[in-house]
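Beneath this line is the structure, given in structure tokens, with notes to follow.
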Amino acid sequence: MEIEKIKAAALKELAEAAGSKAIIEVRNKYLSKKGPFAALYHELGKLPIEEKGPFGKAVNDARNEVSLALEAKLKEAEANEERERLLGERIDVTLPGTSLYEGHTNPFYLILDEIVDIFVSMGYDVVEGEDVETVPYNFSLLNIPEEHPSRDPSDTFYLPGEGVLRTQTSAAQGHEMQRREGKGAIKLISPGKCYRRDEDDLTHSHQFGQVEGLVVDKGVSLAELKGTLEIFVKKMFGEKREIRFRSSYFPFTEPSVEVDVSCASCHGKGCSMCKGTGWIEILGAGEVHPNVLRMNGYDPSIYSGFAFGVGIDRVAILRYGIDDIRRIYTNDKRFLSAFKEEK
Ligand code: PHE
């Protein structure tokens, strides 16, 4: 009989259908409006009246049987598929994790922190200046004459208007003396970035860090400057590292000195790092020039002082034996990873 054949075919296909998608295809094929059961209902109209009842019931029963079997199997398949999906998403918490790249403090700031600590332990205050300065504070109030080559636009970054990118942290000197209105002792360091139109090479960079030191009081002598710098260098590089003072010239100090530390790469023999001299300059210093005191409101007949400017990058190079100053700001992760701090 036609009804039984259709039912048997539907149940056979259902039995063979694996997965919800296949089951839904069977449903669409047999139970939709264009399916074989729907076609049987159409035949109903052509039958003699007495056959209509039993035939209709037989079609209904067959269709219901298929439909029930199909819905049951579909429900089960969907539940299985959901379980499998969840199992696939399960995280095995016992598996080893993938480690993420961890950031480190740049050696520039490791050194800066150390320098600050050393001077703070000697009683210095920390005053931060601005990267953008004005010509008076960067030059004129430091007794740097109009025609001085450091003012040349080929050496200094002038900004539109009044501004200039600080070429030295010495700019902090005038600000601080003026803020104190010529009265009282000053003992400060002022760390920051400085900028110069330098050709970048192994030991020079157009941007670099300095820590300015300024001490002003009644009767401050050059001997105190020497003592202070010796303590600093020994704490920074160790007792064995050699230092030397060379007489030098800065418009804002008189007398002026430059302090060199023996080269970390060649230990004084001479190499490319120290340009064959065996020494690397790390700071300039001297007694504050009376003109600088006067211009900024301090009476040089009462007050004297000393100042120094330490190159942060230079110190980092020496401390860590870095072969190229540019590594400090080019952010090569392999280089930076070498400075992982102990936790
Ligand atoms: N400002 C000087 C420089 O940049 C360093 C310095 C600071 C020298 C203070 C003397 C006193 O070279």
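Residue numbering restarts at 1 in every chain; chains get A, B, ... in the order shown in the structure tokens, and ligands count up from 1 in that same order.
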Could you list the protein, DNA and RNA residues that have any atom within 8 Å of ligand 1, counting only C-alpha atoms and all ligand atoms, and write them as a PDB file with N, CA and C atoms, in the first residue's frame?
ATOM      1  N   THR A 167      68.484  72.777  25.586  1.00  0.00           N
ATOM      2  CA  THR A 167      69.717  72.107  25.157  1.00  0.00           C
ATOM      3  C   THR A 167      70.497  71.595  26.366  1.00  0.00           C
ATOM      4  N   GLN A 168      70.088  72.037  27.554  1.00  0.00           N
ATOM      5  CA  GLN A 168      70.780  71.610  28.777  1.00  0.00           C
ATOM      6  C   GLN A 168      69.843  71.831  29.968  1.00  0.00           C
ATOM      7  N   THR A 169      69.973  70.965  30.957  1.00  0.00           N
ATOM      8  CA  THR A 169      69.135  71.137  32.149  1.00  0.00           C
ATOM      9  C   THR A 169      69.601  72.332  32.988  1.00  0.00           C
ATOM     10  N   SER A 170      70.731  72.932  32.612  1.00  0.00           N
ATOM     11  CA  SER A 170      71.190  74.142  33.312  1.00  0.00           C
ATOM     12  C   SER A 170      70.121  75.227  33.284  1.00  0.00           C
ATOM     13  N   GLN A 210      69.953  64.599  31.020  1.00  0.00           N
ATOM     14  CA  GLN A 210      70.931  65.201  31.929  1.00  0.00           C
ATOM     15  C   GLN A 210      70.321  65.295  33.315  1.00  0.00           C
ATOM     16  N   GLU A 212      70.896  67.958  36.240  1.00  0.00           N
ATOM     17  CA  GLU A 212      71.574  69.166  36.682  1.00  0.00           C
ATOM     18  C   GLU A 212      71.692  69.136  38.201  1.00  0.00           C
ATOM     19  N   GLY A 213      72.802  69.633  38.699  1.00  0.00           N
ATOM     20  CA  GLY A 213      72.919  69.806  40.144  1.00  0.00           C
ATOM     21  C   GLY A 213      73.216  71.274  40.417  1.00  0.00           C
ATOM     22  N   LEU A 214      72.606  71.821  41.435  1.00  0.00           N
ATOM     23  CA  LEU A 214      72.882  73.226  41.784  1.00  0.00           C
ATOM     24  C   LEU A 214      72.888  73.381  43.297  1.00  0.00           C
ATOM     25  N   PHE A 250      82.936  76.607  30.721  1.00  0.00           N
ATOM     26  CA  PHE A 250      81.511  76.844  30.463  1.00  0.00           C
ATOM     27  C   PHE A 250      81.241  78.297  30.819  1.00  0.00           C
ATOM     28  N   PHE A 252      78.833  79.602  32.254  1.00  0.00           N
ATOM     29  CA  PHE A 252      78.075  79.786  33.501  1.00  0.00           C
ATOM     30  C   PHE A 252      78.791  79.273  34.732  1.00  0.00           C
ATOM     31  N   THR A 253      80.017  78.766  34.553  1.00  0.00           N
ATOM     32  CA  THR A 253      80.806  78.359  35.732  1.00  0.00           C
ATOM     33  C   THR A 253      82.228  78.900  35.604  1.00  0.00           C
ATOM     34  N   SER A 256      85.748  75.998  35.662  1.00  0.00           N
ATOM     35  CA  SER A 256      84.946  74.879  35.156  1.00  0.00           C
ATOM     36  C   SER A 256      85.805  73.621  35.060  1.00  0.00           C
ATOM     37  N   VAL A 257      85.147  72.481  35.253  1.00  0.00           N
ATOM     38  CA  VAL A 257      85.856  71.205  35.086  1.00  0.00           C
ATOM     39  C   VAL A 257      84.996  70.233  34.283  1.00  0.00           C
ATOM     40  N   GLU A 258      85.666  69.264  33.702  1.00  0.00           N
ATOM     41  CA  GLU A 258      84.951  68.141  33.100  1.00  0.00           C
ATOM     42  C   GLU A 258      85.416  66.887  33.808  1.00  0.00           C
ATOM     43  N   LEU A 283      80.373  64.244  32.852  1.00  0.00           N
ATOM     44  CA  LEU A 283      79.734  65.458  33.355  1.00  0.00           C
ATOM     45  C   LEU A 283      80.623  66.678  33.260  1.00  0.00           C
ATOM     46  N   GLY A 284      79.931  67.824  33.220  1.00  0.00           N
ATOM     47  CA  GLY A 284      80.597  69.110  33.284  1.00  0.00           C
ATOM     48  C   GLY A 284      80.185  69.771  34.589  1.00  0.00           C
ATOM     49  N   ALA A 285      81.066  70.595  35.136  1.00  0.00           N
ATOM     50  CA  ALA A 285      80.754  71.192  36.434  1.00  0.00           C
ATOM     51  C   ALA A 285      81.597  72.439  36.665  1.00  0.00           C
ATOM     52  N   GLY A 286      81.345  73.091  37.754  1.00  0.00           N
ATOM     53  CA  GLY A 286      82.155  74.246  38.117  1.00  0.00           C
ATOM     54  C   GLY A 286      81.491  75.079  39.184  1.00  0.00           C
ATOM     55  N   GLU A 287      82.187  76.144  39.572  1.00  0.00           N
ATOM     56  CA  GLU A 287      81.582  77.086  40.526  1.00  0.00           C
ATOM     57  C   GLU A 287      80.667  78.021  39.758  1.00  0.00           C
ATOM     58  N   VAL A 288      79.499  78.282  40.315  1.00  0.00           N
ATOM     59  CA  VAL A 288      78.526  79.131  39.617  1.00  0.00           C
ATOM     60  C   VAL A 288      79.163  80.501  39.357  1.00  0.00           C
ATOM     61  N   PHE A 306      78.014  75.813  43.439  1.00  0.00           N
ATOM     62  CA  PHE A 306      78.550  75.004  42.337  1.00  0.00           C
ATOM     63  C   PHE A 306      77.407  74.350  41.582  1.00  0.00           C
ATOM     64  N   ALA A 307      77.718  73.984  40.364  1.00  0.00           N
ATOM     65  CA  ALA A 307      76.722  73.327  39.524  1.00  0.00           C
ATOM     66  C   ALA A 307      77.392  72.204  38.760  1.00  0.00           C
ATOM     67  N   PHE A 308      76.595  71.227  38.395  1.00  0.00           N
ATOM     68  CA  PHE A 308      77.124  70.149  37.542  1.00  0.00           C
ATOM     69  C   PHE A 308      76.006  69.612  36.664  1.00  0.00           C
ATOM     70  N   GLY A 309      76.378  69.033  35.536  1.00  0.00           N
ATOM     71  CA  GLY A 309      75.405  68.416  34.637  1.00  0.00           C
ATOM     72  C   GLY A 309      75.894  67.041  34.219  1.00  0.00           C
ATOM     73  N   VAL A 310      75.158  65.995  34.665  1.00  0.00           N
ATOM     74  CA  VAL A 310      75.563  64.613  34.383  1.00  0.00           C
ATOM     75  C   VAL A 310      74.794  64.092  33.173  1.00  0.00           C
TER      76      VAL A 310
END
Worksheet item: What lies within 9 Å of Leu165 (chain A) using only C-alpha atoms, ignoring chain neighbours under 6 positions off, as a list in words?
Response: Glu130, Asp131, Val132, Glu133, Thr134, Asn138, Thr156, Phe157, Tyr158, Leu159, Cys194, Tyr195 and Arg196 of chain A
Export of prior selection with N, CA and C atoms as a PDB file, in the first residue's frame:
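Wrote selection.pdb, looks like this:
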ATOM      1  N   GLU A 130      61.023  72.022  32.303  1.00  0.00           N
ATOM      2  CA  GLU A 130      60.214  71.751  31.109  1.00  0.00           C
ATOM      3  C   GLU A 130      61.138  71.484  29.922  1.00  0.00           C
ATOM      4  N   ASP A 131      60.700  70.632  28.997  1.00  0.00           N
ATOM      5  CA  ASP A 131      61.486  70.379  27.778  1.00  0.00           C
ATOM      6  C   ASP A 131      61.530  71.624  26.901  1.00  0.00           C
ATOM      7  N   VAL A 132      60.423  72.377  26.878  1.00  0.00           N
ATOM      8  CA  VAL A 132      60.397  73.601  26.076  1.00  0.00           C
ATOM      9  C   VAL A 132      60.774  74.773  26.977  1.00  0.00           C
ATOM     10  N   GLU A 133      61.862  75.423  26.610  1.00  0.00           N
ATOM     11  CA  GLU A 133      62.386  76.532  27.399  1.00  0.00           C
ATOM     12  C   GLU A 133      62.295  77.826  26.590  1.00  0.00           C
ATOM     13  N   THR A 134      62.780  78.897  27.185  1.00  0.00           N
ATOM     14  CA  THR A 134      62.901  80.154  26.429  1.00  0.00           C
ATOM     15  C   THR A 134      64.390  80.484  26.316  1.00  0.00           C
ATOM     16  N   ASN A 138      67.524  79.302  28.778  1.00  0.00           N
ATOM     17  CA  ASN A 138      68.438  78.306  28.220  1.00  0.00           C
ATOM     18  C   ASN A 138      69.834  78.894  27.958  1.00  0.00           C
ATOM     19  N   THR A 156      70.898  74.163  17.773  1.00  0.00           N
ATOM     20  CA  THR A 156      69.769  74.216  18.700  1.00  0.00           C
ATOM     21  C   THR A 156      68.457  74.167  17.941  1.00  0.00           C
ATOM     22  N   PHE A 157      67.473  73.452  18.495  1.00  0.00           N
ATOM     23  CA  PHE A 157      66.143  73.388  17.872  1.00  0.00           C
ATOM     24  C   PHE A 157      65.300  74.564  18.364  1.00  0.00           C
ATOM     25  N   TYR A 158      65.126  75.567  17.511  1.00  0.00           N
ATOM     26  CA  TYR A 158      64.241  76.679  17.854  1.00  0.00           C
ATOM     27  C   TYR A 158      62.819  76.344  17.418  1.00  0.00           C
ATOM     28  N   LEU A 159      61.865  76.702  18.254  1.00  0.00           N
ATOM     29  CA  LEU A 159      60.464  76.425  17.925  1.00  0.00           C
ATOM     30  C   LEU A 159      59.829  77.718  17.405  1.00  0.00           C
ATOM     31  N   CYS A 194      67.180  66.590  27.069  1.00  0.00           N
ATOM     32  CA  CYS A 194      67.740  67.748  26.379  1.00  0.00           C
ATOM     33  C   CYS A 194      67.858  67.403  24.894  1.00  0.00           C
ATOM     34  N   TYR A 195      67.907  68.434  24.082  1.00  0.00           N
ATOM     35  CA  TYR A 195      67.882  68.227  22.625  1.00  0.00           C
ATOM     36  C   TYR A 195      68.917  69.111  21.952  1.00  0.00           C
ATOM     37  N   ARG A 196      69.694  68.515  21.048  1.00  0.00           N
ATOM     38  CA  ARG A 196      70.659  69.302  20.278  1.00  0.00           C
ATOM     39  C   ARG A 196      70.727  68.765  18.863  1.00  0.00           C
TER      40      ARG A 196
END
Worksheet entry | Expected answer as JSON, numbers by chain: helix (DSSP H, G or I) residues in region 66-127 of chain A | {"A": [66, 67, 68, 69, 70, 71, 72, 73, 74, 75, 76, 77, 78, 79, 80, 81, 82, 83, 84, 85, 86, 87, 88, 89, 107, 108, 109, 110, 111, 112, 113, 114, 115, 116, 117, 118, 119, 120, 121]}
Those selected residues, please, written with N, CA and C atoms and delivered as a short mmCIF file (atom, residue, chain, number, x, y, z; two decimals), in the first residue's frame.
data_model
loop_
_atom_site.label_atom_id
_atom_site.label_comp_id
_atom_site.auth_asym_id
_atom_site.auth_seq_id
_atom_site.Cartn_x
_atom_site.Cartn_y
_atom_site.Cartn_z
N VAL A 66 5.94 9.16 11.60
CA VAL A 66 7.19 9.68 11.04
C VAL A 66 7.60 10.96 11.77
N SER A 67 6.63 11.83 11.97
CA SER A 67 6.90 13.13 12.61
C SER A 67 7.44 12.95 14.03
N LEU A 68 6.81 12.06 14.80
CA LEU A 68 7.25 11.84 16.19
C LEU A 68 8.67 11.29 16.23
N ALA A 69 8.89 10.26 15.37
CA ALA A 69 10.22 9.65 15.33
C ALA A 69 11.27 10.70 14.95
N LEU A 70 10.89 11.52 13.98
CA LEU A 70 11.82 12.52 13.49
C LEU A 70 12.15 13.58 14.56
N GLU A 71 11.11 14.10 15.23
CA GLU A 71 11.35 15.13 16.25
C GLU A 71 12.19 14.57 17.40
N ALA A 72 11.91 13.30 17.77
CA ALA A 72 12.68 12.69 18.87
C ALA A 72 14.16 12.58 18.48
N LYS A 73 14.37 12.12 17.24
CA LYS A 73 15.76 11.94 16.82
C LYS A 73 16.47 13.29 16.68
N LEU A 74 15.72 14.29 16.20
CA LEU A 74 16.30 15.62 16.02
C LEU A 74 16.72 16.21 17.38
N LYS A 75 15.85 16.05 18.37
CA LYS A 75 16.14 16.58 19.70
C LYS A 75 17.43 15.96 20.26
N GLU A 76 17.51 14.63 20.08
CA GLU A 76 18.67 13.92 20.60
C GLU A 76 19.95 14.38 19.87
N ALA A 77 19.84 14.51 18.55
CA ALA A 77 21.01 14.92 17.76
C ALA A 77 21.47 16.33 18.16
N GLU A 78 20.50 17.21 18.36
CA GLU A 78 20.88 18.58 18.73
C GLU A 78 21.56 18.62 20.10
N ALA A 79 21.04 17.79 21.01
CA ALA A 79 21.65 17.74 22.35
C ALA A 79 23.09 17.22 22.26
N ASN A 80 23.29 16.18 21.43
CA ASN A 80 24.65 15.63 21.25
C ASN A 80 25.60 16.68 20.67
N GLU A 81 25.09 17.37 19.67
CA GLU A 81 25.95 18.37 19.01
C GLU A 81 26.33 19.49 19.97
N GLU A 82 25.39 19.89 20.80
CA GLU A 82 25.67 20.94 21.79
C GLU A 82 26.74 20.46 22.78
N ARG A 83 26.59 19.21 23.20
CA ARG A 83 27.57 18.67 24.16
C ARG A 83 28.96 18.65 23.53
N GLU A 84 29.02 18.20 22.28
CA GLU A 84 30.32 18.15 21.60
C GLU A 84 30.95 19.53 21.45
N ARG A 85 30.08 20.52 21.14
CA ARG A 85 30.59 21.88 20.97
C ARG A 85 31.22 22.37 22.28
N LEU A 86 30.50 22.10 23.38
CA LEU A 86 31.00 22.55 24.68
C LEU A 86 32.29 21.82 25.05
N LEU A 87 32.34 20.51 24.73
CA LEU A 87 33.56 19.76 25.03
C LEU A 87 34.74 20.34 24.26
N GLY A 88 34.49 20.73 23.02
CA GLY A 88 35.54 21.30 22.18
C GLY A 88 36.06 22.62 22.73
N GLU A 89 35.17 23.32 23.42
CA GLU A 89 35.57 24.63 23.96
C GLU A 89 36.18 24.53 25.35
N PRO A 107 66.92 51.11 30.37
CA PRO A 107 68.12 51.36 31.18
C PRO A 107 68.31 52.85 31.50
N PHE A 108 67.82 53.70 30.62
CA PHE A 108 67.89 55.15 30.86
C PHE A 108 67.24 55.49 32.20
N TYR A 109 66.04 54.92 32.43
CA TYR A 109 65.32 55.25 33.67
C TYR A 109 65.86 54.48 34.87
N LEU A 110 66.45 53.30 34.61
CA LEU A 110 67.09 52.58 35.73
C LEU A 110 68.23 53.44 36.28
N ILE A 111 69.02 54.00 35.35
CA ILE A 111 70.16 54.83 35.75
C ILE A 111 69.66 56.13 36.38
N LEU A 112 68.66 56.74 35.75
CA LEU A 112 68.13 58.00 36.30
C LEU A 112 67.69 57.80 37.75
N ASP A 113 66.96 56.69 38.00
CA ASP A 113 66.50 56.42 39.37
C ASP A 113 67.68 56.31 40.33
N GLU A 114 68.75 55.64 39.86
CA GLU A 114 69.91 55.49 40.74
C GLU A 114 70.57 56.83 41.03
N ILE A 115 70.71 57.65 39.98
CA ILE A 115 71.34 58.96 40.17
C ILE A 115 70.52 59.78 41.17
N VAL A 116 69.20 59.77 40.97
CA VAL A 116 68.33 60.53 41.87
C VAL A 116 68.49 60.02 43.31
N ASP A 117 68.50 58.68 43.46
CA ASP A 117 68.64 58.12 44.82
C ASP A 117 69.93 58.57 45.49
N ILE A 118 71.04 58.56 44.70
CA ILE A 118 72.33 58.94 45.29
C ILE A 118 72.27 60.39 45.80
N PHE A 119 71.74 61.29 44.98
CA PHE A 119 71.73 62.70 45.41
C PHE A 119 70.68 62.98 46.49
N VAL A 120 69.55 62.29 46.41
CA VAL A 120 68.55 62.47 47.46
C VAL A 120 69.14 62.03 48.81
N SER A 121 69.94 60.94 48.78
CA SER A 121 70.55 60.48 50.03
C SER A 121 71.56 61.50 50.56
#
Worksheet item: Which distance in Å separates CA of Gln207 (chain A) and CA of Tyr329 (chain A), to one decimal?
Response: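 Separating CA of Gln207 (chain A) from CA of Tyr329 (chain A) is a distance of 8.9 Å.
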In region 70-260 of chain A, what's strand (DSSP E) per DSSP? Answer as a tab-separated table (two decimals) with C-alpha atoms, in the first residue's frame?
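File written: part36.tsv
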chain	number	residue	atom	x	y	z
A	125	ASP	CA	65.74	68.24	46.40
A	126	VAL	CA	64.43	67.15	43.01
A	132	VAL	CA	60.40	73.60	26.08
A	133	GLU	CA	62.39	76.53	27.40
A	134	THR	CA	62.90	80.15	26.43
A	163	GLY	CA	60.30	78.51	22.49
A	164	VAL	CA	63.45	76.48	22.26
A	165	LEU	CA	63.95	72.80	23.02
A	186	ILE	CA	69.63	75.95	47.21
A	187	LYS	CA	70.51	72.28	46.96
A	188	LEU	CA	68.77	70.60	44.08
A	189	ILE	CA	69.02	68.25	41.19
A	190	SER	CA	66.92	68.68	38.07
A	191	PRO	CA	66.69	65.70	35.73
A	192	GLY	CA	65.30	65.86	32.19
A	193	LYS	CA	65.62	65.36	28.45
A	194	CYS	CA	67.74	67.75	26.38
A	195	TYR	CA	67.88	68.23	22.63
A	207	GLN	CA	68.17	63.73	22.43
A	208	PHE	CA	69.76	62.78	25.70
A	209	GLY	CA	69.20	63.01	29.40
A	210	GLN	CA	70.93	65.20	31.93
A	211	VAL	CA	70.74	65.64	35.64
A	212	GLU	CA	71.57	69.17	36.68
A	213	GLY	CA	72.92	69.81	40.14
A	214	LEU	CA	72.88	73.23	41.78
A	215	VAL	CA	74.10	74.16	45.24
A	216	VAL	CA	74.04	77.80	46.35
A	217	ASP	CA	74.85	78.95	49.85
A	243	ILE	CA	87.87	59.22	37.41
A	244	ARG	CA	89.75	62.32	36.36
A	245	PHE	CA	89.01	66.03	36.46
A	246	ARG	CA	90.03	68.15	33.51
A	247	SER	CA	89.91	71.90	33.57
A	248	SER	CA	87.36	73.14	31.09
A	249	TYR	CA	85.21	76.09	30.12
A	250	PHE	CA	81.51	76.84	30.46
A	253	THR	CA	80.81	78.36	35.73
A	254	GLU	CA	84.20	79.70	36.76
A	255	PRO	CA	86.38	77.76	37.20
A	256	SER	CA	84.95	74.88	35.16
A	257	VAL	CA	85.86	71.20	35.09
A	258	GLU	CA	84.95	68.14	33.10
A	259	VAL	CA	84.85	64.76	34.75
A	260	ASP	CA	85.78	61.61	32.86
Using only C-alpha atoms, find each residue in region 57-172 of chain A having at least one atom no more than 12 Å away from region 294-303 of chain A; report its shortest atom-to-atom pair and that distance in Å (one decimal), rows by chain then rising number, as CSV.
residue,atom,partner,partner_atom,distance
A:Pro136,CA,A:Met295,CA,10.7
A:Tyr137,CA,A:Asn296,CA,9.9
A:Ser140,CA,A:Met295,CA,9.2
A:Leu141,CA,A:Met295,CA,6.3
A:Leu142,CA,A:Met295,CA,8.4
A:Asn143,CA,A:Met295,CA,8.4
A:Ile144,CA,A:Met295,CA,11.9
A:Ala171,CA,A:Asn296,CA,11.7
A:Ala172,CA,A:Asn296,CA,11.4
Practice prompt. Please provide the set of residues having any atom within 12 Å of Val26 (chain A), restricted to only C-alpha atoms, with same-chain residues fewer than 2 positions apart removed, written as a PyMOL selection string.
Written response: chain A and resi 7+9-24+28-32+35-36+66-67+69-71+73-74
With C-alpha atoms retained, could you export that selection as a PDB file, in the first residue's frame?
ATOM      1  CA  LYS A   7       6.277   5.728   5.755  1.00  0.00           C
ATOM      2  CA  ALA A   9      10.968   5.046   3.069  1.00  0.00           C
ATOM      3  CA  ALA A  10      10.793   8.041   5.418  1.00  0.00           C
ATOM      4  CA  LEU A  11      11.738   5.972   8.487  1.00  0.00           C
ATOM      5  CA  LYS A  12      14.581   4.324   6.576  1.00  0.00           C
ATOM      6  CA  GLU A  13      16.010   7.654   5.519  1.00  0.00           C
ATOM      7  CA  LEU A  14      15.566   8.947   9.049  1.00  0.00           C
ATOM      8  CA  ALA A  15      17.464   5.960  10.433  1.00  0.00           C
ATOM      9  CA  GLU A  16      20.309   6.665   8.053  1.00  0.00           C
ATOM     10  CA  ALA A  17      20.386  10.410   8.729  1.00  0.00           C
ATOM     11  CA  ALA A  18      23.371  11.342  10.902  1.00  0.00           C
ATOM     12  CA  GLY A  19      23.257  14.724  12.561  1.00  0.00           C
ATOM     13  CA  SER A  20      20.609  17.421  12.872  1.00  0.00           C
ATOM     14  CA  LYS A  21      21.262  18.802   9.398  1.00  0.00           C
ATOM     15  CA  ALA A  22      20.505  15.471   7.706  1.00  0.00           C
ATOM     16  CA  ILE A  23      17.406  14.956   9.887  1.00  0.00           C
ATOM     17  CA  ILE A  24      16.054  18.367   8.929  1.00  0.00           C
ATOM     18  CA  ASN A  28      11.749  18.920   4.572  1.00  0.00           C
ATOM     19  CA  LYS A  29      11.520  16.108   2.052  1.00  0.00           C
ATOM     20  CA  TYR A  30       8.643  14.142   3.663  1.00  0.00           C
ATOM     21  CA  LEU A  31       6.672  16.494   5.901  1.00  0.00           C
ATOM     22  CA  SER A  32       6.614  19.738   3.907  1.00  0.00           C
ATOM     23  CA  GLY A  35       6.095  16.261   0.340  1.00  0.00           C
ATOM     24  CA  PRO A  36       4.503  12.812  -0.360  1.00  0.00           C
ATOM     25  CA  VAL A  66       7.193   9.682  11.038  1.00  0.00           C
ATOM     26  CA  SER A  67       6.903  13.127  12.605  1.00  0.00           C
ATOM     27  CA  ALA A  69      10.224   9.649  15.332  1.00  0.00           C
ATOM     28  CA  LEU A  70      11.821  12.521  13.489  1.00  0.00           C
ATOM     29  CA  GLU A  71      11.352  15.127  16.253  1.00  0.00           C
ATOM     30  CA  LYS A  73      15.756  11.937  16.823  1.00  0.00           C
ATOM     31  CA  LEU A  74      16.302  15.624  16.024  1.00  0.00           C
TER      32      LEU A  74
END
